[in-house]
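Structure first, then comments.
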Amino acid sequence: MLKKRIKFFKRAAIFLAILGPGIITGSVDNDAGGITTYSVAGAMYGYGLIWTLIPSFIVLLVIQEMNARMGIVTGKGLSDLIRENAGMKITSLIFLGLLVSNIGNTTTEFAGVAGSMEMFGVSKYISVPLVAIMVWLLVVKGTYKIAERIFLLFSASLLTYIVSALMGKPDWSAIGSAIVRPQVQMDTQSLAMVIALIGTTIAPWMQFYMQSSVVEKGLKMKNFKYTVIDITVGCIVTVVVAFFIMVSCGSTLHPNGIVIEEAKDAAMALEPLAGKFASQLFAFGLFIASVFSATILPLATAFYISEAFGFEAGIDKKWDEAKEFYVLYTGILILSALIILIPGAPLIKISIWTQALNGILLPVVLVSMILLINNRKIMGMYVNNVTQNIIGWTAVVVLVGLSLALLFLPLISG
C-alpha cells in the first residue's frame with residue numbers, strides 16, 4: 001500500500017512539473033477574437049454551428065500531440081524545422097502571412113480589453129496602455145516559470161463562461177439535436193463563419209507556440225504520457241469554453257433577434273435577458289482572456305519568427321541575449337495597442353477576417369507539420385501512425401475545400 005502511494009505521488013509530481021504547455025495553449029485559443037467569433041456565431045445561428053466543435057476538438061488534439069512529439073524528439077521549434085527543410089523563400093512567405101494574421105489577432109485582444117473595461121466604466125485610453133505595459137513587463141522582466149504560473153491562473157478564470165451560459169437557461173434538447181443533425185448553409189456568410197470557427201479553434205500560431213514551449217520547458221519522451229494528458233486537458237478546456245459561449249449567446253441573443261458585432265455587445269445584451277451578474281461574468285471572462293492572449297500571441301509570434309530566421313529566443317534570456325526576439329515582441333504589442341486607440345478603427349472586420357485568415361493559413365501549416373513528422377530522418381521511430389495521418393490529411397482537405405468554396409461561391413452565385 002505504501003509503495004502504491006509513493007508511486008502515485010511520484011506520478012502526480014511529474015505531471016504537475018510537466019503541466020503547462022497544453023493547458024496554456026488550449027486556453028489562449030479562447031481569446032478575444034475567439035470569444036467574438038463564438039458570440040457572433042451563437043447570436044446569428046443559435047445552436048446551429050455548435051457541431052463544428054466536435055471535429056475541431058479531434059483535429060486539435062491530434063495536431064497538438066504532433067507538435068509536442070516533434071518538439072521533444074527534435075529539441076527544435078516548428079519554425080526551425082520548416083526553415084531547415086523547406087528553405088528561406090517558402091519560410092518567408094508562410095511567416096509573412098502569419099505575422100499579418102497575428103498582428104490582427106493581437107489587435108483583437110486589445111479590443112477585448114477595451115470593450116470589457118468600458119462595461120466597468122474604464123476608458124480604453126486608460127485600460128489598453130496599462131495592460132500593454134503590464135504584459136510587456138511580465139515577458140521582458142519575468143521568467144518562464146513565473147509567466148507559466150500566471151497563465152495557468154488565467155486559464156482557470158475562463159470557466160466563468162459556464163456560469164454565464166447556465167444563467168441563460170439553454171434548451172438542452174435543441175442543443176443535442178443541433179449536434180446530432182448538423183447543417184451547413186451553402187452561402188458565403190455561413191462558410192466564412194464555419195472557417196472562422198475552425199480557424200479560431202485550431203489557430204496556426206498555436207502549433208508554433210506549443211512546440212516552442214515544450215522545447216523551452218525541456219520535456220522528455222520518457223514522460224510523454226503526462227504531456228499527452230496536459231494536451232488533452234487543454235483541448236477539453238478550449239472546446240468546453242467555446243461551447244458555453246455559443247450556448248450563452250444562442251440561448252439569449254438568437255431567439256430575440258439581437259445582432260452583435262463584438263464580444264462586448266454580447267455581454268451588454270445579456271443583462272436584460274439573463275441578468276446583470278451573467279453580463280458582468282461574460283465581460284470579466286472577456287477581460288481575462290484578452291489580457292492572457294495579448295501576452296501570449298505577440299510572444300508566440302516573436303518565438304516562431306525568431307526561430308525561423310535563426311535569432312535567439314526565450315523568456316528566460318536577457319534583452320542583450322535575444323534582442324531581435326524582444327524587439328519583435330515589443331513592436332507587435334505597441335502596434336496592436338495603437339490601432340485600438342485610433343478612433344473609428346474597423347475592429348469587427350479585423351477580428352472576423354483575422355479568424356478567417358487563420359482558417360486559410362492553417363492548411364499550409366498543417367501540410368508542413370505532417371510532412372515533417374513523417375520524415376524518419378527527423379523523427380526516427382516517432383513518426384505518425386496511420387490514424388494520425390488520416391485525421392491530419394482529412395483536416396487539410398476539408399479546410400482547403402472550405403477555403404476554395406468561400407473564394408469561388410460568390411463568383412458562381414453571381
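By order of appearance in the C-alpha cells: chains A, B, ..., then residues from 1 within every chain, and ligands from 1 in the order shown.
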
Q.
Excluding A:Asn385 and its own-chain neighbours fewer than 3 positions away, which residues fall within 12 Å of it when counting only C-alpha atoms? Please give them as a PyMOL selection string.
A. chain A and resi 62+66+370+373-374+381-382+388-392

Q: Find the residues near A:Ala174: any atom within 10 Å, counting only C-alpha atoms, skip ones fewer than 4 places away on the same chain, and give them as a count of residues only.
A: 8

Q: Excluding stretch 204-209 of chain A and residues on its chain fewer than 3 positions from it, collect all residues at most 7 Å away from it, counting only C-alpha atoms, and give them as JSON, numbers by chain.
A: {"A": [25, 64, 67, 77, 78, 79, 212, 213, 300, 304, 358, 361, 362, 365]}

Residue selection dump (N, CA and C atoms) as a compact mmCIF listing (two decimals), in the first residue's frame:
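This is the output file selection_34.txt:
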```
# COMPACT_ATOMS: atom_id res chain seq x y z
N THR A 25 -1.77 26.65 -24.02
CA THR A 25 -2.02 26.80 -25.46
C THR A 25 -3.51 26.67 -25.76
N GLN A 64 -1.96 18.95 -31.70
CA GLN A 64 -1.16 19.38 -30.55
C GLN A 64 -0.22 18.27 -30.08
N ASN A 67 2.73 18.31 -32.36
CA ASN A 67 3.65 19.40 -32.00
C ASN A 67 4.54 19.03 -30.83
N GLY A 77 11.94 24.11 -32.40
CA GLY A 77 10.62 24.63 -32.67
C GLY A 77 10.18 24.32 -34.10
N LEU A 78 8.88 24.46 -34.37
CA LEU A 78 8.35 24.17 -35.71
C LEU A 78 8.96 25.10 -36.75
N SER A 79 9.19 26.36 -36.38
CA SER A 79 9.79 27.32 -37.32
C SER A 79 11.16 26.87 -37.78
N SER A 212 7.31 25.38 -29.30
CA SER A 212 8.36 26.19 -28.68
C SER A 212 8.32 26.08 -27.16
N SER A 213 7.11 26.05 -26.57
CA SER A 213 7.01 25.97 -25.11
C SER A 213 7.44 24.61 -24.58
N ALA A 300 4.20 34.32 -28.97
CA ALA A 300 4.26 33.20 -29.92
C ALA A 300 4.82 33.67 -31.26
N TYR A 304 8.25 32.20 -33.04
CA TYR A 304 8.39 31.44 -34.27
C TYR A 304 9.10 32.22 -35.38
N ASN A 358 -6.82 32.92 -40.39
CA ASN A 358 -6.27 31.79 -39.65
C ASN A 358 -6.68 30.47 -40.29
N LEU A 361 -4.81 29.96 -43.58
CA LEU A 361 -3.38 29.69 -43.39
C LEU A 361 -3.14 28.32 -42.76
N LEU A 362 -4.12 27.84 -42.00
CA LEU A 362 -3.93 26.61 -41.25
C LEU A 362 -3.53 25.41 -42.12
N VAL A 365 0.20 25.35 -42.75
CA VAL A 365 0.97 24.96 -41.56
C VAL A 365 0.83 23.46 -41.32
```

Q | Point-to-point distance in Å for atom CA of A:Met193 and atom CA of A:Met119 | A | 26.5 Å

Q. At what distance in Å, to one decimal, does atom CA of A:Ala165 lie from atom CA of A:Gln183?
A.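 Those two atoms sit 22.8 Å apart.
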
Q. Could you pull the residues within 9 Å of A:Tyr326, counting only C-alpha atoms, minus those fewer than 3 positions along the same chain, as a ChimeraX atom specification?
A. /A:139-140,299,302,313-315,319,322-323,329-331

Q. Which residue, A:Pro182, A:Pro298, A:Gly380, A:Gly310, has the smallest gap to A:Pro55 when you use only C-alpha atoms?
A.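 Residue with the minimum atom-to-atom distance to A:Pro55: A:Pro182.
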
Q: Name the closest residue to A:Val215 among the candidates A:Ile260, A:Ile339, A:Leu286, A:Ile72; distances are taken between atoms, counting only C-alpha atoms.
A: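 Ranking A:Ile260, A:Ile339, A:Leu286, A:Ile72 by distance to A:Val215, first place goes to A:Ile72.
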
Q.
I need the residue nearest A:Leu372 from this list: A:Leu81, A:Ala32, A:Leu49, A:Leu99. Use only C-alpha atoms for the distance.
A. A:Leu81

Q: Enumerate, as a PyMOL selection string, the complete set of residues in stretch 177-354 of chain A that a backbone-based DSSP assignment places in helix (DSSP H, G or I).
A: chain A and resi 177-180+188-201+204-217+221-252+263-274+276-308+319-321+323-341+347-354

Output file for the selection above: C-alpha atoms, as a short mmCIF file (atom, residue, chain, number, x, y, z; two decimals), in the first residue's frame:
```
data_model
loop_
_atom_site.label_atom_id
_atom_site.label_comp_id
_atom_site.auth_asym_id
_atom_site.auth_seq_id
_atom_site.Cartn_x
_atom_site.Cartn_y
_atom_site.Cartn_z
CA SER A 177 -30.46 17.93 -31.89
CA ALA A 178 -28.13 20.54 -33.46
CA ILE A 179 -25.10 18.39 -32.64
CA VAL A 180 -26.61 15.08 -33.81
CA THR A 188 -20.67 32.95 -48.36
CA GLN A 189 -21.62 34.20 -44.89
CA SER A 190 -22.17 30.72 -43.44
CA LEU A 191 -18.99 29.27 -44.96
CA ALA A 192 -16.96 32.27 -43.74
CA MET A 193 -18.33 31.68 -40.24
CA VAL A 194 -17.50 27.93 -40.32
CA ILE A 195 -13.94 28.72 -41.47
CA ALA A 196 -13.67 31.41 -38.79
CA LEU A 197 -14.84 28.96 -36.10
CA ILE A 198 -12.32 26.34 -37.20
CA GLY A 199 -9.63 29.00 -37.63
CA THR A 200 -10.10 30.30 -34.11
CA THR A 201 -10.41 26.82 -32.52
CA PRO A 204 -1.98 28.41 -36.84
CA TRP A 205 0.03 30.28 -34.19
CA MET A 206 -0.88 27.61 -31.59
CA GLN A 207 1.22 25.00 -33.35
CA PHE A 208 4.33 27.16 -33.15
CA TYR A 209 3.76 28.26 -29.56
CA MET A 210 3.01 24.73 -28.37
CA GLN A 211 6.18 23.29 -29.87
CA SER A 212 8.36 26.19 -28.68
CA SER A 213 7.01 25.97 -25.11
CA VAL A 214 7.66 22.22 -24.99
CA VAL A 215 11.25 22.84 -26.09
CA GLU A 216 11.70 25.72 -23.63
CA LYS A 217 10.35 23.59 -20.78
CA MET A 221 9.90 11.38 -24.25
CA LYS A 222 10.12 9.19 -21.13
CA ASN A 223 7.33 11.30 -19.58
CA PHE A 224 5.41 11.88 -22.81
CA LYS A 225 2.22 10.27 -21.48
CA TYR A 226 1.93 13.11 -18.95
CA THR A 227 2.41 15.66 -21.72
CA VAL A 228 -0.46 13.99 -23.62
CA ILE A 229 -2.68 14.35 -20.54
CA ASP A 230 -1.74 18.05 -20.33
CA ILE A 231 -2.62 18.48 -24.03
CA THR A 232 -5.91 16.59 -23.65
CA VAL A 233 -7.00 18.75 -20.69
CA GLY A 234 -6.06 21.87 -22.67
CA CYS A 235 -8.11 20.76 -25.69
CA ILE A 236 -11.10 19.92 -23.48
CA VAL A 237 -10.91 23.36 -21.82
CA THR A 238 -10.77 25.01 -25.26
CA VAL A 239 -13.88 23.27 -26.55
CA VAL A 240 -15.88 23.45 -23.29
CA VAL A 241 -15.38 27.22 -23.01
CA ALA A 242 -16.21 27.70 -26.72
CA PHE A 243 -19.31 25.51 -26.32
CA PHE A 244 -20.68 27.54 -23.40
CA ILE A 245 -20.03 30.87 -25.11
CA MET A 246 -22.04 29.70 -28.14
CA VAL A 247 -24.73 28.29 -25.83
CA SER A 248 -24.88 31.55 -23.87
CA CYS A 249 -25.47 33.68 -26.98
CA GLY A 250 -27.55 31.03 -28.75
CA SER A 251 -29.93 30.80 -25.77
CA THR A 252 -30.46 34.52 -25.24
CA ALA A 263 -17.99 40.23 -27.68
CA LYS A 264 -18.71 43.41 -25.69
CA ASP A 265 -22.10 43.66 -27.45
CA ALA A 266 -22.89 40.13 -26.29
CA ALA A 267 -22.03 40.99 -22.67
CA MET A 268 -24.21 44.13 -22.79
CA ALA A 269 -27.12 42.34 -24.46
CA LEU A 270 -27.07 39.56 -21.85
CA GLU A 271 -28.03 41.90 -18.99
CA PRO A 272 -31.77 42.33 -19.74
CA LEU A 273 -32.06 38.69 -20.85
CA ALA A 274 -30.01 36.74 -18.26
CA LYS A 276 -26.57 41.76 -14.62
CA PHE A 277 -24.41 39.08 -12.98
CA ALA A 278 -24.35 36.96 -16.16
CA SER A 279 -23.45 40.07 -18.16
CA GLN A 280 -20.61 41.01 -15.79
CA LEU A 281 -19.28 37.43 -15.76
CA PHE A 282 -19.19 37.45 -19.55
CA ALA A 283 -17.32 40.79 -19.54
CA PHE A 284 -14.90 39.56 -16.84
CA GLY A 285 -14.15 36.42 -18.85
CA LEU A 286 -13.54 38.59 -21.92
CA PHE A 287 -11.08 40.78 -19.99
CA ILE A 288 -9.13 37.83 -18.57
CA ALA A 289 -8.99 36.10 -21.97
CA SER A 290 -7.88 39.32 -23.67
CA VAL A 291 -5.05 40.06 -21.22
CA PHE A 292 -3.96 36.43 -21.32
CA SER A 293 -3.86 36.32 -25.12
CA ALA A 294 -2.39 39.81 -25.51
CA THR A 295 0.59 38.35 -23.65
CA ILE A 296 0.83 35.02 -25.48
CA LEU A 297 0.08 35.97 -29.10
CA PRO A 298 2.93 38.50 -29.60
CA LEU A 299 5.13 36.11 -27.62
CA ALA A 300 4.26 33.20 -29.92
CA THR A 301 4.85 35.39 -32.98
CA ALA A 302 8.23 36.58 -31.69
CA PHE A 303 9.14 32.95 -30.89
CA TYR A 304 8.39 31.44 -34.27
CA ILE A 305 9.73 34.31 -36.39
CA SER A 306 12.96 34.41 -34.36
CA GLU A 307 13.30 30.63 -34.75
CA ALA A 308 12.53 30.81 -38.48
CA TRP A 319 17.43 41.52 -23.68
CA ASP A 320 21.03 41.59 -24.96
CA GLU A 321 20.96 37.79 -25.50
CA LYS A 323 17.47 41.42 -28.86
CA GLU A 324 15.57 40.59 -32.09
CA PHE A 325 13.09 38.46 -30.14
CA TYR A 326 12.29 41.21 -27.63
CA VAL A 327 12.22 44.00 -30.24
CA LEU A 328 9.73 41.98 -32.33
CA TYR A 329 7.59 41.25 -29.27
CA THR A 330 7.59 44.90 -28.21
CA GLY A 331 6.84 46.13 -31.74
CA ILE A 332 3.79 43.87 -32.19
CA LEU A 333 2.50 44.88 -28.75
CA ILE A 334 2.84 48.63 -29.43
CA LEU A 335 1.41 48.48 -32.96
CA SER A 336 -1.63 46.44 -31.89
CA ALA A 337 -2.35 48.71 -28.91
CA LEU A 338 -2.06 51.85 -31.07
CA ILE A 339 -4.55 50.51 -33.66
CA ILE A 340 -7.15 50.11 -30.89
CA LEU A 341 -6.66 53.72 -29.77
CA LEU A 347 -12.25 46.40 -35.19
CA ILE A 348 -15.06 44.00 -36.07
CA LYS A 349 -13.79 43.41 -39.61
CA ILE A 350 -10.25 42.97 -38.26
CA SER A 351 -11.49 40.36 -35.78
CA ILE A 352 -13.69 38.22 -38.06
CA TRP A 353 -11.40 38.28 -41.10
CA THR A 354 -8.34 37.62 -38.98
#
```

**Q.** Given only C-alpha atoms as the counted atoms, nearest of A:Gly257, A:Gly401, A:Pro343, A:Pro129 to A:Val40
**A.**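 Going through A:Gly257, A:Gly401, A:Pro343, A:Pro129 one by one, the smallest distance to A:Val40 is for A:Gly257.
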
Excluding A:Val113 and its own-chain neighbours fewer than 2 positions away, which residues fall within 7 Å of it when counting only C-alpha atoms? Please give them as an mmCIF file with C-alpha atoms, in the first residue's frame.
```
data_model
loop_
_atom_site.group_PDB
_atom_site.id
_atom_site.type_symbol
_atom_site.label_atom_id
_atom_site.label_comp_id
_atom_site.auth_asym_id
_atom_site.auth_seq_id
_atom_site.Cartn_x
_atom_site.Cartn_y
_atom_site.Cartn_z
ATOM 1 C CA GLU A 109 -7.104 41.138 -27.847
ATOM 2 C CA PHE A 110 -6.705 44.823 -27.033
ATOM 3 C CA ALA A 111 -10.190 45.426 -28.439
ATOM 4 C CA GLY A 115 -14.595 46.634 -24.576
ATOM 5 C CA SER A 116 -14.712 44.661 -21.325
ATOM 6 C CA MET A 117 -13.292 47.512 -19.241
ATOM 7 C CA SER A 127 -7.066 50.249 -19.846
ATOM 8 C CA VAL A 128 -5.207 49.489 -23.110
ATOM 9 C CA PHE A 287 -11.083 40.785 -19.987
ATOM 10 C CA SER A 290 -7.879 39.319 -23.668
ATOM 11 C CA VAL A 291 -5.051 40.062 -21.218
#
```

Q | Best match for closeness to A:Gly75 among A:Ile378, A:Leu130, A:Val364, A:Val383, counting only C-alpha atoms | A |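 Of all the options, A:Ile378 lies closest to A:Gly75.
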